[in-house]
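A.B. asks: Quick one: the structure is below, questions incoming.
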Amino acid sequence: TKEAMKNILSCIVTIITLSFLTTNAQGRKVSQSYETYEYTAITCRSHSASITDFGGVGDGKTLNTKAFQSAVDHLSQYSSDGGAQLFVPAGKWLTGSFSLTSHFTLFLHKDATLLAAQDLEEYLVLKALPSYGRGRDAAGGRFASLVFGTNLSDVIITGNNGTIDGQGSFWWQKFHGGKLKYTRPYLIELMFSDTIQISNITLIDSPSWNIHPVYSSNIIVKGVTIIAPVKSPNTDGINPDSCTNTRIEDCYIISGDDCVAVKSGWDEYGISFGMPTKHLIIRRLTCISPYSAAIALGSEMSGGIEDVRAEEITAYQTESGVRIKTAVGRGAFVRNVYVRGMRLHTMKWVFWMTGNYKAHADSHYDPHALPEITGINYRDIVAENVSMAGRLEGISGDPFKGICISNATISMAVKHKKVMWMCSDVEGVTSGVDPKPCDLLDGKQEKMDGGCEFPSDVLEIDNVELKSCSYQMN
């Protein structure tokens with residue numbers, strides 16, 4: 001009919017018009033629309049690609065290890081030309097371990113999940129860290145982390161809250177069953193690197209530690225959510241290890257181990273390597289860890305830990321607030337630690353220090369290597385439903401000195417311990433602390449009116465500002 005012919009002609013005209021509108025002057029088709037993702041980063045990139053450009057398939061079943069490594073290797077050519085970013089779109093991207101490159105951004109879409117492969121063959125075996133001398137799970141080497149890198153500069157792992165899923169139950173079962181020859185992989189580990197940003201992502205069910213910057217400097221970890229079952233083994237949240245100038249802020253962690261664990265090597269290996277963790281900022285941390293600490297210093301601290309500044313720390317149902325762990329044979333020091341503004345609810349201990357943490361790398365540690373613990377400052381603390389206010393245990397002949405606690409109000413649980421403070425081999429001062437601390441913290445100090453010290457100077461890492469960046473996806 002004439003009407004039918006008219007409709008057909010109208011459709012043909014529409015198709016021709018659309019084809020014309022999506023063709024540029026050179027005759028090439030151009031994209032009609034882009035989706036833009038904005039984020040903040042230490043550096044914006046000049047080049048971009050998607051994992052799908054390298055054959056990646058986000059169906060949760062296809063193994064993408066080669067696709068990720070090929071993408072990183074290809075994009076490394078732009079490291080001296082403005083750098084590059086790899087976009088991971090929505091989907092479940094099954095992958096084994098892959099290594100990053102310098103001047104590089106890994107960006108995860110909010111509906112993207114990196115799914116850690118449950119196949120030992122997908123993880124290279126690395127030598128033990130030189131400051132540890134052995135693996136943490138076994139005497140030999142260790143599996144490479146899911147996202148790994150070494151000797152890098154300017155590396156960013158970010159997104160709009162995309163997820164890295166370690167599928168940890170596979171590894172936890174092997175660990176509990178004693179079936180691992182090597183130490184479990186972490187989710188993110190960057191070694192011997194400088195200028196690192198890890199932000200706005202969610203990490204779940206790591207095989208072991210979640211984020212491990214080691215022998216590195218100028219690090220920002222911001223807006224990260226970490227979740228693991230509270231009984232999962234060694235699922236520490238963020239572990240700066242022999243690192244300088246680190247800023248951890250606005251993070252939420254539920255963990256089977258310490259939410260933040262500050263480290264610097266183990267016994268004689270850490271002493272020999274001699275690289276401390278120093279100039280560390282931790283702020284606006286929220287932690288749940290019923291069997292560990294919100295912040296732990298040690299126990300592997302044999303390279304030294306100094307100038308740690310923690311503030312606005314919130315913890316619920318967590319074993320302790322800030323815990324110092326060391327032992328004879330560790331050597332080195334934990335000194336100049338400053339904590340203010342802790343809000344704690346349902347705790348076993350508010351303050352916990354121990355010089356009797358006996359796990360050693362091997363039998364060759366030096367029994368004369370005594371740690372120096374001094375200059376530990378806590379102020380402005382409110383804690384509720386607490387079993388014991390403090391358990392402070394130094395080392396006989398090597399007391400923990402210079403402990404200062406001020407303006408701390410601790411409300412004890414209905415069934416609290418009869419002894420609210422337990423102290424041995426410690427020395428310090430207190431002011432405005434309730435319940436009354438033990439006599440060993442009754443030392444005299446002249447300028448206690450303002451409370452315990454918290455530095456007023458600004459660390460270099462706090463001057464680093466993030467830029468507004470964007471990624472456009474066709």
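Following the order of the structure tokens, first chain is A, next is B, and so on, with residues numbered from 1 inside each chain and ligands from 1 in the order they appear.
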Mind checking which residues fall within 12 Å of Gly397 of chain A, counting only C-alpha atoms, ignoring those fewer than 5 positions away in the same chain, and posting them as a PyMOL selection string?
C.D. replies: chain A and resi 328+355+368+370-372+424-426
A.B. asks: Using only all heavy atoms, please write the residues we just selected to a file, as a short mmCIF file (atom, residue, chain, number, x, y, z; two decimals), in the first residue's frame.
C.D. replies:
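The result, written out as out_11.cif:
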```cif
data_model
loop_
_atom_site.label_atom_id
_atom_site.label_comp_id
_atom_site.auth_asym_id
_atom_site.auth_seq_id
_atom_site.Cartn_x
_atom_site.Cartn_y
_atom_site.Cartn_z
N VAL A 328 62.14 -9.59 73.36
CA VAL A 328 63.59 -9.77 73.36
C VAL A 328 63.98 -10.40 72.02
O VAL A 328 63.35 -11.34 71.56
CB VAL A 328 64.02 -10.67 74.52
CG1 VAL A 328 65.49 -11.03 74.40
CG2 VAL A 328 63.73 -10.00 75.85
N GLY A 355 55.98 -6.74 75.89
CA GLY A 355 57.36 -7.05 75.50
C GLY A 355 57.61 -8.54 75.47
O GLY A 355 58.76 -8.98 75.52
N HIS A 368 70.31 -10.56 73.16
CA HIS A 368 70.75 -9.29 73.73
C HIS A 368 70.19 -8.09 72.95
O HIS A 368 70.46 -6.94 73.32
CB HIS A 368 72.28 -9.21 73.74
CG HIS A 368 72.93 -10.31 74.53
ND1 HIS A 368 72.81 -10.41 75.90
CD2 HIS A 368 73.67 -11.39 74.13
CE1 HIS A 368 73.47 -11.48 76.33
NE2 HIS A 368 74.00 -12.10 75.28
N LEU A 370 67.61 -5.84 72.60
CA LEU A 370 66.46 -5.37 73.35
C LEU A 370 65.83 -4.16 72.65
O LEU A 370 66.55 -3.24 72.24
CB LEU A 370 66.86 -5.00 74.77
CG LEU A 370 67.47 -6.13 75.60
CD1 LEU A 370 67.87 -5.62 76.98
CD2 LEU A 370 66.50 -7.30 75.73
N PRO A 371 64.52 -4.14 72.51
CA PRO A 371 63.88 -2.99 71.86
C PRO A 371 63.80 -1.79 72.79
O PRO A 371 63.72 -1.94 74.02
CB PRO A 371 62.49 -3.52 71.54
CG PRO A 371 62.24 -4.55 72.60
CD PRO A 371 63.56 -5.18 72.88
N GLU A 372 63.83 -0.61 72.23
CA GLU A 372 63.64 0.63 72.98
C GLU A 372 62.23 1.14 72.71
O GLU A 372 61.88 1.46 71.57
CB GLU A 372 64.66 1.68 72.53
CG GLU A 372 64.45 3.06 73.14
CD GLU A 372 65.17 4.15 72.39
OE1 GLU A 372 66.04 3.84 71.56
OE2 GLU A 372 64.82 5.34 72.62
N SER A 424 53.74 -3.62 84.46
CA SER A 424 55.05 -4.12 84.91
C SER A 424 56.12 -3.59 83.97
O SER A 424 55.91 -3.54 82.76
CB SER A 424 55.07 -5.65 84.94
OG SER A 424 54.82 -6.18 83.65
N ASP A 425 57.23 -3.16 84.54
CA ASP A 425 58.38 -2.69 83.77
C ASP A 425 58.01 -1.57 82.80
O ASP A 425 58.39 -1.58 81.62
CB ASP A 425 59.02 -3.87 83.00
CG ASP A 425 59.51 -4.95 83.94
OD1 ASP A 425 60.41 -4.66 84.76
OD2 ASP A 425 58.99 -6.08 83.88
N VAL A 426 57.25 -0.60 83.31
CA VAL A 426 56.90 0.59 82.52
C VAL A 426 57.09 1.82 83.38
O VAL A 426 57.04 1.74 84.62
CB VAL A 426 55.46 0.53 81.98
CG1 VAL A 426 55.29 -0.61 80.99
CG2 VAL A 426 54.45 0.42 83.12
#
```
A.B. asks: Could you give me, as JSON lines, a per-residue list for segment 338-433 of chain A showing, wherever an atom lies at most 12 Å from an atom of segment 294-307 of chain A, the closest pair of atoms and their distance in Å to one decimal, using only C-alpha atoms and sorting by chain then residue number from low to high?
C.D. replies:
```
{"residue": "A:Tyr338", "atom": "CA", "partner": "A:Asp307", "partner_atom": "CA", "distance": 7.5}
{"residue": "A:Val339", "atom": "CA", "partner": "A:Ile295", "partner_atom": "CA", "distance": 10.3}
{"residue": "A:Met342", "atom": "CA", "partner": "A:Ala294", "partner_atom": "CA", "distance": 10.2}
{"residue": "A:Arg343", "atom": "CA", "partner": "A:Ala294", "partner_atom": "CA", "distance": 11.1}
{"residue": "A:Leu344", "atom": "CA", "partner": "A:Ala294", "partner_atom": "CA", "distance": 9.7}
{"residue": "A:His345", "atom": "CA", "partner": "A:Ala294", "partner_atom": "CA", "distance": 11.7}
{"residue": "A:Met347", "atom": "CA", "partner": "A:Ala294", "partner_atom": "CA", "distance": 10.4}
{"residue": "A:Lys348", "atom": "CA", "partner": "A:Ala294", "partner_atom": "CA", "distance": 11.9}
{"residue": "A:Trp349", "atom": "CA", "partner": "A:Ala294", "partner_atom": "CA", "distance": 11.1}
{"residue": "A:Val350", "atom": "CA", "partner": "A:Ala294", "partner_atom": "CA", "distance": 10.1}
{"residue": "A:Phe351", "atom": "CA", "partner": "A:Ile295", "partner_atom": "CA", "distance": 10.9}
{"residue": "A:Trp352", "atom": "CA", "partner": "A:Ala296", "partner_atom": "CA", "distance": 9.6}
{"residue": "A:Met353", "atom": "CA", "partner": "A:Leu297", "partner_atom": "CA", "distance": 9.4}
{"residue": "A:Thr354", "atom": "CA", "partner": "A:Ser299", "partner_atom": "CA", "distance": 9.4}
{"residue": "A:Gly355", "atom": "CA", "partner": "A:Ser299", "partner_atom": "CA", "distance": 9.3}
{"residue": "A:Asn356", "atom": "CA", "partner": "A:Ser299", "partner_atom": "CA", "distance": 9.8}
{"residue": "A:Tyr357", "atom": "CA", "partner": "A:Ser299", "partner_atom": "CA", "distance": 6.9}
{"residue": "A:Lys358", "atom": "CA", "partner": "A:Ser299", "partner_atom": "CA", "distance": 9.0}
{"residue": "A:Ala359", "atom": "CA", "partner": "A:Ser299", "partner_atom": "CA", "distance": 8.5}
{"residue": "A:His360", "atom": "CA", "partner": "A:Glu300", "partner_atom": "CA", "distance": 9.1}
{"residue": "A:Ala361", "atom": "CA", "partner": "A:Glu300", "partner_atom": "CA", "distance": 9.5}
{"residue": "A:Tyr365", "atom": "CA", "partner": "A:Ser302", "partner_atom": "CA", "distance": 10.9}
{"residue": "A:Asp366", "atom": "CA", "partner": "A:Ser302", "partner_atom": "CA", "distance": 11.4}
{"residue": "A:Ala369", "atom": "CA", "partner": "A:Ser302", "partner_atom": "CA", "distance": 9.3}
{"residue": "A:Leu370", "atom": "CA", "partner": "A:Ser302", "partner_atom": "CA", "distance": 9.8}
{"residue": "A:Pro371", "atom": "CA", "partner": "A:Ser302", "partner_atom": "CA", "distance": 8.0}
{"residue": "A:Glu372", "atom": "CA", "partner": "A:Gly304", "partner_atom": "CA", "distance": 9.1}
{"residue": "A:Ile373", "atom": "CA", "partner": "A:Ile305", "partner_atom": "CA", "distance": 9.6}
{"residue": "A:Thr374", "atom": "CA", "partner": "A:Glu306", "partner_atom": "CA", "distance": 9.8}
{"residue": "A:Gly375", "atom": "CA", "partner": "A:Glu306", "partner_atom": "CA", "distance": 9.4}
{"residue": "A:Ile376", "atom": "CA", "partner": "A:Asp307", "partner_atom": "CA", "distance": 10.0}
{"residue": "A:Asn377", "atom": "CA", "partner": "A:Asp307", "partner_atom": "CA", "distance": 11.0}
```
A.B. asks: Restricting the output to N, CA, C and O atoms, write the selected residues as a short mmCIF file (atom, residue, chain, number, x, y, z; two decimals), in the first residue's frame.
C.D. replies:
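This is the output file selection05.cif:
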```cif
data_model
loop_
_atom_site.label_atom_id
_atom_site.label_comp_id
_atom_site.auth_asym_id
_atom_site.auth_seq_id
_atom_site.Cartn_x
_atom_site.Cartn_y
_atom_site.Cartn_z
N TYR A 338 52.16 9.30 68.75
CA TYR A 338 51.21 10.29 69.23
C TYR A 338 49.81 9.88 68.81
O TYR A 338 49.53 9.69 67.62
N VAL A 339 48.91 9.77 69.79
CA VAL A 339 47.54 9.37 69.51
C VAL A 339 46.61 10.33 70.24
O VAL A 339 46.78 10.60 71.42
N MET A 342 40.56 9.22 70.38
CA MET A 342 40.03 7.87 70.17
C MET A 342 38.63 7.77 70.78
O MET A 342 38.40 8.21 71.91
N ARG A 343 37.71 7.15 70.02
CA ARG A 343 36.36 6.85 70.50
C ARG A 343 36.17 5.35 70.38
O ARG A 343 36.12 4.81 69.27
N LEU A 344 36.07 4.69 71.55
CA LEU A 344 36.11 3.23 71.58
C LEU A 344 34.87 2.70 72.29
O LEU A 344 34.42 3.26 73.29
N HIS A 345 34.34 1.58 71.78
CA HIS A 345 33.16 0.98 72.39
C HIS A 345 33.28 -0.54 72.38
O HIS A 345 33.47 -1.14 71.32
N MET A 347 35.51 -2.91 74.36
CA MET A 347 36.91 -3.25 74.18
C MET A 347 37.36 -4.19 75.30
O MET A 347 36.87 -4.11 76.42
N LYS A 348 38.34 -5.03 74.97
CA LYS A 348 38.97 -5.83 76.02
C LYS A 348 39.98 -4.97 76.79
O LYS A 348 39.99 -4.97 78.01
N TRP A 349 40.83 -4.28 76.03
CA TRP A 349 41.78 -3.34 76.62
C TRP A 349 41.75 -2.04 75.81
O TRP A 349 41.66 -2.06 74.58
N VAL A 350 41.85 -0.91 76.50
CA VAL A 350 42.07 0.36 75.79
C VAL A 350 43.54 0.49 75.44
O VAL A 350 43.91 0.76 74.31
N PHE A 351 44.41 0.27 76.44
CA PHE A 351 45.86 0.39 76.24
C PHE A 351 46.49 -0.99 76.44
O PHE A 351 46.27 -1.64 77.45
N TRP A 352 47.30 -1.38 75.47
CA TRP A 352 47.96 -2.68 75.58
C TRP A 352 49.37 -2.57 75.00
O TRP A 352 49.55 -2.19 73.86
N MET A 353 50.35 -2.90 75.81
CA MET A 353 51.73 -2.99 75.36
C MET A 353 52.29 -4.30 75.90
O MET A 353 52.05 -4.65 77.05
N THR A 354 53.04 -5.00 75.08
CA THR A 354 53.65 -6.22 75.54
C THR A 354 55.07 -6.37 75.00
O THR A 354 55.32 -6.14 73.82
N GLY A 355 55.98 -6.74 75.89
CA GLY A 355 57.36 -7.05 75.50
C GLY A 355 57.61 -8.54 75.47
O GLY A 355 58.76 -8.98 75.52
N ASN A 356 56.52 -9.30 75.36
CA ASN A 356 56.62 -10.76 75.47
C ASN A 356 55.95 -11.45 74.29
O ASN A 356 55.36 -12.51 74.43
N TYR A 357 56.06 -10.82 73.12
CA TYR A 357 55.45 -11.38 71.91
C TYR A 357 56.50 -12.30 71.26
O TYR A 357 57.35 -11.86 70.51
N LYS A 358 56.43 -13.59 71.55
CA LYS A 358 57.58 -14.47 71.36
C LYS A 358 57.74 -15.08 69.98
O LYS A 358 58.68 -15.83 69.75
N ALA A 359 56.85 -14.82 69.04
CA ALA A 359 57.00 -15.44 67.72
C ALA A 359 58.27 -14.94 67.04
O ALA A 359 58.44 -13.73 66.81
N HIS A 360 59.19 -15.85 66.72
CA HIS A 360 60.48 -15.47 66.13
C HIS A 360 60.62 -16.09 64.74
O HIS A 360 60.05 -17.14 64.44
N ALA A 361 61.41 -15.41 63.91
CA ALA A 361 61.64 -15.92 62.55
C ALA A 361 62.35 -17.27 62.59
O ALA A 361 62.05 -18.17 61.82
N TYR A 365 67.92 -15.49 66.52
CA TYR A 365 67.79 -14.12 66.98
C TYR A 365 68.74 -13.86 68.15
O TYR A 365 69.16 -14.77 68.86
N ASP A 366 69.09 -12.60 68.32
CA ASP A 366 70.04 -12.18 69.34
C ASP A 366 69.31 -11.91 70.65
O ASP A 366 68.54 -10.96 70.75
N ALA A 369 69.42 -8.36 71.88
CA ALA A 369 68.83 -7.28 71.09
C ALA A 369 67.52 -6.85 71.74
O ALA A 369 66.46 -7.43 71.50
N LEU A 370 67.61 -5.84 72.60
CA LEU A 370 66.46 -5.37 73.35
C LEU A 370 65.83 -4.16 72.65
O LEU A 370 66.55 -3.24 72.24
N PRO A 371 64.52 -4.14 72.51
CA PRO A 371 63.88 -2.99 71.86
C PRO A 371 63.80 -1.79 72.79
O PRO A 371 63.72 -1.94 74.02
N GLU A 372 63.83 -0.61 72.23
CA GLU A 372 63.64 0.63 72.98
C GLU A 372 62.23 1.14 72.71
O GLU A 372 61.88 1.46 71.57
N ILE A 373 61.42 1.20 73.76
CA ILE A 373 60.05 1.72 73.64
C ILE A 373 59.97 2.98 74.48
O ILE A 373 60.08 2.94 75.71
N THR A 374 59.79 4.12 73.81
CA THR A 374 59.81 5.39 74.53
C THR A 374 59.02 6.46 73.78
O THR A 374 58.91 6.42 72.55
N GLY A 375 58.49 7.42 74.53
CA GLY A 375 57.78 8.53 73.90
C GLY A 375 56.44 8.12 73.33
O GLY A 375 56.13 8.43 72.18
N ILE A 376 55.61 7.45 74.14
CA ILE A 376 54.30 6.96 73.69
C ILE A 376 53.23 7.85 74.32
O ILE A 376 53.08 7.87 75.56
N ASN A 377 52.48 8.58 73.51
CA ASN A 377 51.57 9.61 73.99
C ASN A 377 50.13 9.34 73.57
O ASN A 377 49.85 9.17 72.37
#
```
A.B. asks: Please extract the residues of segment 244-427 of chain A with a backbone DSSP assignment of helix (DSSP H, G or I) and present them as an MDAnalysis selection string.
C.D. replies: chainID A and resid 267:273
A.B. asks: Per residue of segment 55-135 of chain A within 10 Å of segment 153-159 of chain A, which atom pair is closest and at what distance in Å (one decimal), using only C-alpha atoms, listed by chain and increasing number, as a tab-separated table?
C.D. replies:
```
residue	atom	partner	partner_atom	distance
A:Ser79	CA	A:Asp154	CA	9.6
A:Gly83	CA	A:Asp154	CA	9.1
A:Gln85	CA	A:Ile156	CA	8.9
A:Leu86	CA	A:Ile157	CA	9.9
A:Phe87	CA	A:Gly159	CA	8.8
A:Val88	CA	A:Gly159	CA	9.0
A:Leu100	CA	A:Val155	CA	7.9
A:Thr101	CA	A:Val155	CA	7.4
A:Ser102	CA	A:Ser153	CA	4.9
A:His103	CA	A:Asp154	CA	4.8
A:Phe104	CA	A:Val155	CA	5.2
A:Thr105	CA	A:Ile156	CA	4.6
A:Leu106	CA	A:Ile157	CA	4.8
A:Phe107	CA	A:Gly159	CA	4.6
A:Leu108	CA	A:Gly159	CA	4.4
A:His109	CA	A:Gly159	CA	5.8
A:Lys110	CA	A:Gly159	CA	6.9
A:Ala112	CA	A:Gly159	CA	9.3
```
A.B. asks: Those same residues, written as a tab-separated table (two decimals), in the first residue's frame with N, CA, C and O atoms?
C.D. replies:
```
chain	number	residue	atom	x	y	z
A	79	SER	N	54.75	5.57	29.76
A	79	SER	CA	55.20	6.02	31.08
A	79	SER	C	55.92	7.35	31.02
A	79	SER	O	55.87	8.15	31.95
A	83	GLY	N	51.84	9.07	31.03
A	83	GLY	CA	51.30	7.92	31.74
A	83	GLY	C	50.01	7.41	31.14
A	83	GLY	O	49.47	7.95	30.18
A	85	GLN	N	46.15	4.96	31.98
A	85	GLN	CA	45.25	4.33	32.93
A	85	GLN	C	44.52	3.17	32.26
A	85	GLN	O	44.16	3.23	31.09
A	86	LEU	N	44.34	2.12	33.03
A	86	LEU	CA	43.61	0.94	32.56
A	86	LEU	C	42.26	0.91	33.26
A	86	LEU	O	42.19	0.85	34.49
A	87	PHE	N	41.21	0.94	32.48
A	87	PHE	CA	39.85	0.97	32.99
A	87	PHE	C	39.30	-0.46	33.05
A	87	PHE	O	39.39	-1.21	32.09
A	88	VAL	N	38.73	-0.80	34.21
A	88	VAL	CA	38.09	-2.10	34.37
A	88	VAL	C	36.58	-1.85	34.49
A	88	VAL	O	36.12	-1.36	35.52
A	100	LEU	N	52.11	-4.28	38.06
A	100	LEU	CA	51.87	-2.94	37.52
A	100	LEU	C	53.15	-2.33	37.00
A	100	LEU	O	54.24	-2.89	37.14
A	101	THR	N	53.02	-1.16	36.39
A	101	THR	CA	54.15	-0.42	35.86
A	101	THR	C	54.13	1.00	36.41
A	101	THR	O	53.18	1.40	37.10
A	102	SER	N	55.15	1.77	36.14
A	102	SER	CA	55.23	3.15	36.64
A	102	SER	C	54.31	4.08	35.85
A	102	SER	O	53.95	3.80	34.70
A	103	HIS	N	53.97	5.20	36.47
A	103	HIS	CA	53.13	6.23	35.85
A	103	HIS	C	51.86	5.59	35.29
A	103	HIS	O	51.52	5.74	34.11
A	104	PHE	N	51.18	4.88	36.19
A	104	PHE	CA	50.08	4.02	35.76
A	104	PHE	C	48.94	4.10	36.77
A	104	PHE	O	49.16	4.19	37.98
A	105	THR	N	47.70	4.06	36.26
A	105	THR	CA	46.50	4.04	37.09
A	105	THR	C	45.65	2.83	36.73
A	105	THR	O	45.33	2.62	35.56
A	106	LEU	N	45.30	2.07	37.74
A	106	LEU	CA	44.32	1.00	37.59
A	106	LEU	C	43.01	1.53	38.17
A	106	LEU	O	42.93	1.83	39.36
A	107	PHE	N	41.96	1.63	37.32
A	107	PHE	CA	40.70	2.24	37.72
A	107	PHE	C	39.59	1.20	37.64
A	107	PHE	O	39.36	0.60	36.59
A	108	LEU	N	38.88	1.00	38.77
A	108	LEU	CA	37.80	0.02	38.83
A	108	LEU	C	36.44	0.71	38.86
A	108	LEU	O	36.15	1.52	39.74
A	109	HIS	N	35.60	0.37	37.87
A	109	HIS	CA	34.21	0.83	37.85
A	109	HIS	C	33.50	0.36	39.12
A	109	HIS	O	33.85	-0.66	39.71
A	110	LYS	N	32.49	1.09	39.55
A	110	LYS	CA	31.80	0.75	40.80
A	110	LYS	C	31.19	-0.64	40.77
A	110	LYS	O	31.03	-1.28	41.82
A	112	ALA	N	32.59	-3.15	39.06
A	112	ALA	CA	33.65	-4.07	38.64
A	112	ALA	C	34.20	-4.80	39.86
A	112	ALA	O	34.37	-4.22	40.93
```
A.B. asks: Excluding segment 172-181 of chain A and its own-chain neighbours fewer than 6 positions away, which residues fall within 10 Å of it when counting only C-alpha atoms? Please give them as JSON, numbers by chain.
C.D. replies: {"A": [120, 135, 137, 138, 139, 140, 141, 142, 143, 205, 206, 207, 208, 232, 233, 234, 235]}
A.B. asks: Find the residues around Pro276 of chain A up to 10 Å (only C-alpha atoms counted), leave out those fewer than 2 positions away in its own chain, and share them as a list in words.
C.D. replies: Tyr215, Asp241, Ser242, Cys243, Thr244, Lys263, Ser264, Gly265, Gly270, Ile271, Phe273, Gly274, Lys278, His279, Met301, Ser302, Gly303, Gly304, Ile305, Glu306, Ala332, Phe333 and Val334 of chain A
A.B. asks: Here is a test: counting only C-alpha atoms, which residue of A:His47, A:Lys231, A:Lys467, A:Arg184 is nearest to Ser76 of chain A?
C.D. replies: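 Nearest candidate to Ser76 of chain A out of A:His47, A:Lys231, A:Lys467, A:Arg184: A:His47.
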A.B. asks: Running DSSP on the backbone, which parts of segment 138-186 of chain A land in strand (DSSP E or B), as a count of residues only?
C.D. replies: 18
A.B. asks: Excluding Thr409 of chain A and residues on its chain fewer than 6 positions from it, collect all residues at most 12 Å away from it, counting only C-alpha atoms, and give them as a list in words.
C.D. replies: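 Returned residues: Gly341, Met342, Arg343, Leu344, His345, Val350, Tyr378, Arg379, Asp380, Ile381, Val382, Ala383, Glu384, Asn385, Val386, Ala389, Ser431, Gly432, Val433, Asp434, Pro435, Lys436 and Pro437 of chain A.
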A.B. asks: Between A:Ala293, A:Val147, A:Leu114, A:Leu466, which is the closest to Glu189 of chain A once you count only C-alpha atoms?
C.D. replies: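 Result for the nearest residue to Glu189 of chain A: A:Val147.
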A.B. asks: Rank A:Cys438, A:Leu75, A:Ala144, A:Ile164 by their smallest atom-to-atom distance to Pro185 of chain A, using only C-alpha atoms, and report the top residue only.
C.D. replies: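 Result for the nearest residue to Pro185 of chain A: A:Ala144.
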A.B. asks: Kindly indicate which residue among A:Cys251, A:Ala408, A:Cys469, A:Met275 lies nearest to Gly451 of chain A, using only C-alpha atoms for the distances.
C.D. replies: A:Ala408
A.B. asks: Could you jot down the atom CA of Ala41 of chain A to atom CA of Val337 of chain A separation for me, Å, one decimal place?
C.D. replies: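 Answer for the atom CA of Ala41 of chain A to atom CA of Val337 of chain A separation: 28.7 Å.
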A.B. asks: Which is closer to Leu285 of chain A than all the others in A:Ala327, A:Leu190, A:Ile238, A:Met420, using only C-alpha atoms?
C.D. replies: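 Looking only at the distances to Leu285 of chain A, the closest residue turns out to be A:Ile238.
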A.B. asks: Between atom CA of Thr183 of chain A and atom CA of Val322 of chain A, what is the distance in Å, rounded to a tenth?
C.D. replies: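 Answer for the atom CA of Thr183 of chain A to atom CA of Val322 of chain A separation: 26.5 Å.
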